[in-house]
Amino acid sequence: MLSFKHEVFLEVSTTLSFSKAAEALFITQPAVSRHIKSLEEFYKVSLFERKGSTIQLTSAGNILRNYILKGQAIKKQLDFEISTQANEFNARGKLSVGASTTVALYILPPVLAAFRYAFDHVDISLMNRNSENILKALIDHKIDLGIVEGKTRISSVHYDHFITDEVVLVCSPMSELARNQKITLNELKGLPLALRERGSGTLAVVQQALNRHNISLADLNVHIRLGGTEALKNFILADKLKGTLGFLPMKSVARQLNNGELTRILVENLTVSRDFYFIQRHGSEDEGLNKAFVRFALNHYN
């Protein structure tokens, strides 16, 4: 099995920083340096080279990193298979999951709670970032499994469809629009809108849906842009006088729609939805804990 020195090396090789590795491992920076020096003396090679204030792996360092990652995967699968000989729910191990904001806030919590109840010997950690950063974290081996919006063409990543979420237009129930609850695309252009910030996945699918009707964001009457789903939702909840409209994921406003705090406005001929996918490094999709979690999450929502 891997020694603590190898764990230290792996952390440094991931962060490319002795200080960040020390912080992550709860040891001092001099201790990190001693562990790396000890490995270099043992293998009789340099594992890192310094370039100004930064460091990068040498060719020998890259070789060592790749073998440690393989060793970690073997140990993880070994622990899973031995612990589940009698019953899969006896599984032991650690699972690190990364998810984009909508998934992390509104879709995964009930899955995580149920999974922890069923697999009470598995420790789970959740990283909440945008889809681009979750993909990078997966490639860098910082997480075991990710859930992101849409697909990319990266050959090293395996995709499995998880769930489809609708994006809906909402406003305060005190707005005049709440009476009819239906508008046309032309009417949408003139109404006050609050939108997510540029780079948001929610904004991107709204833009794509509008583009199919030859409408751009520049054609809309945008009064304010807010960073984050919760910020936009809370603004719409508070904006009772002007009745500003906002596009939000259905999962994020389901409770407010049910209890009457928000009203959904249907836009004629406009449907906005997006697909979320599990992402795994090719070769890891059959690893025990990954497979068990994916199957559990799919069963939860189907």
# chains A, B, ... in the order shown; residues from 1 in each chain; ligands from 1
>>> select_by_dssp(residues="stretch 146-189 of chain A", states="helix (DSSP H, G or I)", output="PyMOL selection string")
chain A and resi 176-179+185-189
>>> write_last_selection(atoms="C-alpha atoms", output="PDB file, in the first residue's frame")
ATOM      1  CA  GLU A 176     -50.044  41.874 -13.010  1.00  0.00           C
ATOM      2  CA  LEU A 177     -48.637  39.081 -15.183  1.00  0.00           C
ATOM      3  CA  ALA A 178     -49.537  36.519 -12.511  1.00  0.00           C
ATOM      4  CA  ARG A 179     -53.214  36.929 -13.407  1.00  0.00           C
ATOM      5  CA  LEU A 185     -42.456  35.791 -27.300  1.00  0.00           C
ATOM      6  CA  ASN A 186     -43.038  39.329 -28.536  1.00  0.00           C
ATOM      7  CA  GLU A 187     -44.476  40.331 -25.160  1.00  0.00           C
ATOM      8  CA  LEU A 188     -41.432  38.814 -23.442  1.00  0.00           C
ATOM      9  CA  LYS A 189     -39.161  41.300 -25.243  1.00  0.00           C
TER      10      LYS A 189
END
>>> residues_around(residues="A:Gln280", least_positions_apart="4", cutoff="8 Å", atoms="only C-alpha atoms", output="ChimeraX atom specification")
/A:138,144-146,157-159,284-285
>>> atom_distance(atom1="atom CA of A:Ile82", atom2="atom CA of A:Leu95")
16.5 Å
>>> closest_residue(among="A:Ile154, A:Leu257, A:Ile147, A:Ile55", to="A:Phe276", atoms="only C-alpha atoms")
A:Ile147
>>> residues_around(residues="A:Ser172", least_positions_apart="5", cutoff="9 Å", atoms="only C-alpha atoms", output="PyMOL selection string")
chain A and resi 177-178+236-245+260-264
>>> closest_residue(among="A:Ala292, A:Ile74, A:Ala254, A:Ala24", to="A:Glu88", atoms="only C-alpha atoms")
A:Ala292
>>> closest_residue(among="A:Ser125, A:Gln77, A:Thr58, A:Asn87", to="A:Lys142", atoms="only C-alpha atoms")
A:Ser125
>>> atom_distance(atom1="atom CA of A:Thr184", atom2="atom CA of A:Asn269")
8.0 Å
>>> select_by_dssp(residues="stretch 65-218 of chain A", states="strand (DSSP E)", output="count of residues only")
41
>>> residues_around(residues="A:Ala31", least_positions_apart="5", cutoff="12 Å", atoms="only C-alpha atoms", output="ChimeraX atom specification")
/A:4-5,8-9,18-19,21-23,25-26,36-38
>>> atom_distance(atom1="atom CA of A:Gly246", atom2="atom CA of A:Val222")
9.7 Å
>>> closest_residue(among="A:Leu232, A:Leu78, A:Ile63, A:Val272", to="A:Asp165", atoms="only C-alpha atoms")
A:Val272
>>> decode(residues="stretch 13-162 of chain A", atoms="C-alpha atoms", output="compact mmCIF listing (two decimals), in the first residue's frame")
# COMPACT_ATOMS: atom_id res chain seq x y z
CA SER A 13 1.87 17.11 -7.79
CA THR A 14 -1.84 17.99 -7.91
CA THR A 15 -1.62 21.51 -6.48
CA LEU A 16 1.93 22.22 -7.72
CA SER A 17 2.43 24.02 -4.44
CA PHE A 18 4.23 22.93 -1.26
CA SER A 19 2.22 25.41 0.84
CA LYS A 20 -1.18 24.30 -0.54
CA ALA A 21 -0.23 20.65 -0.04
CA ALA A 22 0.76 21.38 3.56
CA GLU A 23 -2.58 23.12 4.16
CA ALA A 24 -4.57 20.24 2.61
CA LEU A 25 -2.70 17.58 4.61
CA PHE A 26 -2.63 19.55 7.90
CA ILE A 27 1.18 19.41 8.16
CA THR A 28 3.86 22.07 7.97
CA GLN A 29 5.54 23.15 4.76
CA PRO A 30 8.98 22.00 5.99
CA ALA A 31 7.45 18.57 6.65
CA VAL A 32 6.20 18.46 3.04
CA SER A 33 9.68 19.35 1.81
CA ARG A 34 11.24 16.59 3.95
CA HIS A 35 8.87 13.95 2.55
CA ILE A 36 9.59 14.99 -1.04
CA LYS A 37 13.34 15.02 -0.40
CA SER A 38 13.11 11.56 1.16
CA LEU A 39 11.34 10.21 -1.95
CA GLU A 40 13.88 11.83 -4.25
CA GLU A 41 16.71 10.24 -2.28
CA PHE A 42 14.96 6.86 -2.38
CA TYR A 43 14.34 6.93 -6.15
CA LYS A 44 17.60 8.84 -6.84
CA VAL A 45 15.82 11.29 -9.17
CA SER A 46 14.39 14.80 -9.01
CA LEU A 47 10.62 14.78 -8.87
CA PHE A 48 10.04 18.52 -9.26
CA GLU A 49 11.86 21.34 -10.96
CA ARG A 50 11.54 24.95 -9.95
CA LYS A 51 10.87 27.71 -12.46
CA GLY A 52 10.97 31.03 -10.69
CA SER A 53 8.29 30.97 -8.02
CA THR A 54 6.51 27.94 -9.50
CA ILE A 55 7.24 24.21 -9.63
CA GLN A 56 6.41 21.52 -12.17
CA LEU A 57 6.83 17.77 -12.37
CA THR A 58 9.90 16.26 -13.98
CA SER A 59 9.50 13.30 -16.33
CA ALA A 60 10.30 11.00 -13.37
CA GLY A 61 7.74 12.87 -11.28
CA ASN A 62 5.09 12.29 -13.93
CA ILE A 63 5.86 8.57 -13.97
CA LEU A 64 5.58 8.36 -10.18
CA ARG A 65 2.31 10.33 -10.17
CA ASN A 66 0.71 8.03 -12.77
CA TYR A 67 1.66 4.89 -10.85
CA ILE A 68 0.41 6.31 -7.54
CA LEU A 69 -2.94 7.13 -9.17
CA LYS A 70 -3.16 3.58 -10.49
CA GLY A 71 -2.27 2.27 -7.04
CA GLN A 72 -4.98 4.37 -5.43
CA ALA A 73 -7.57 3.06 -7.88
CA ILE A 74 -6.54 -0.55 -7.22
CA LYS A 75 -6.69 -0.04 -3.43
CA LYS A 76 -10.10 1.60 -3.67
CA GLN A 77 -11.53 -1.22 -5.77
CA LEU A 78 -9.91 -3.84 -3.50
CA ASP A 79 -11.49 -2.26 -0.40
CA PHE A 80 -14.88 -2.17 -2.13
CA GLU A 81 -14.83 -5.77 -3.36
CA ILE A 82 -13.66 -7.24 -0.04
CA SER A 83 -16.12 -5.22 2.04
CA THR A 84 -19.07 -6.14 -0.22
CA GLN A 85 -18.52 -9.92 -0.32
CA ALA A 86 -21.60 -10.55 1.80
CA ASN A 87 -23.66 -7.44 1.00
CA GLU A 88 -23.08 -4.41 -1.25
CA PHE A 89 -24.41 -2.11 1.47
CA ASN A 90 -21.40 -3.08 3.61
CA ALA A 91 -19.19 -1.16 1.18
CA ARG A 92 -16.35 0.80 2.73
CA GLY A 93 -14.38 3.62 1.21
CA LYS A 94 -14.35 7.27 0.25
CA LEU A 95 -16.19 8.87 -2.65
CA SER A 96 -15.53 12.42 -3.82
CA VAL A 97 -18.25 13.89 -6.03
CA GLY A 98 -18.22 17.18 -7.91
CA ALA A 99 -21.36 18.92 -9.18
CA SER A 100 -22.42 22.15 -10.82
CA THR A 101 -24.42 24.55 -8.66
CA THR A 102 -27.98 23.55 -9.58
CA VAL A 103 -27.19 19.88 -9.03
CA ALA A 104 -25.29 20.46 -5.79
CA LEU A 105 -27.98 22.69 -4.26
CA TYR A 106 -31.25 21.19 -5.46
CA ILE A 107 -30.79 17.72 -6.98
CA LEU A 108 -28.09 15.90 -5.02
CA PRO A 109 -28.94 16.58 -1.33
CA PRO A 110 -31.77 13.99 -1.09
CA VAL A 111 -29.63 11.49 -3.02
CA LEU A 112 -26.66 12.02 -0.71
CA ALA A 113 -28.83 11.68 2.40
CA ALA A 114 -30.40 8.44 1.18
CA PHE A 115 -27.06 7.05 -0.02
CA ARG A 116 -25.39 7.76 3.32
CA TYR A 117 -28.26 5.97 5.09
CA ALA A 118 -27.91 2.91 2.85
CA PHE A 119 -24.09 2.91 2.69
CA ASP A 120 -23.21 4.14 6.17
CA HIS A 121 -19.55 3.04 5.92
CA VAL A 122 -18.84 5.25 2.90
CA ASP A 123 -17.49 8.75 3.45
CA ILE A 124 -18.66 11.26 0.83
CA SER A 125 -17.36 14.71 -0.03
CA LEU A 126 -19.04 17.12 -2.45
CA MET A 127 -17.32 19.82 -4.50
CA ASN A 128 -19.60 22.60 -5.80
CA ARG A 129 -18.21 24.40 -8.87
CA ASN A 130 -19.38 25.31 -12.35
CA SER A 131 -19.36 22.57 -15.00
CA GLU A 132 -16.05 23.65 -16.51
CA ASN A 133 -14.23 23.45 -13.18
CA ILE A 134 -15.85 20.11 -12.28
CA LEU A 135 -14.57 18.65 -15.55
CA LYS A 136 -11.09 19.95 -14.80
CA ALA A 137 -11.21 18.54 -11.26
CA LEU A 138 -12.13 15.12 -12.66
CA ILE A 139 -9.28 15.15 -15.18
CA ASP A 140 -6.87 16.26 -12.44
CA HIS A 141 -8.04 13.35 -10.20
CA LYS A 142 -9.36 15.72 -7.54
CA ILE A 143 -12.76 14.00 -7.63
CA ASP A 144 -13.91 10.47 -8.47
CA LEU A 145 -17.17 11.37 -10.17
CA GLY A 146 -18.74 14.54 -11.53
CA ILE A 147 -22.19 15.75 -12.56
CA VAL A 148 -22.20 18.52 -15.15
CA GLU A 149 -24.43 20.21 -17.66
CA GLY A 150 -24.03 19.16 -21.29
CA LYS A 151 -21.30 17.21 -23.04
CA THR A 152 -17.84 18.06 -24.29
CA ARG A 153 -15.68 16.20 -26.77
CA ILE A 154 -12.94 15.15 -24.37
CA SER A 155 -12.06 11.56 -25.24
CA SER A 156 -10.76 10.70 -21.77
CA VAL A 157 -14.15 11.35 -20.14
CA HIS A 158 -17.14 8.98 -20.10
CA TYR A 159 -20.67 10.48 -20.02
CA ASP A 160 -23.93 8.95 -18.73
CA HIS A 161 -27.22 10.86 -18.77
CA PHE A 162 -28.53 11.60 -15.28
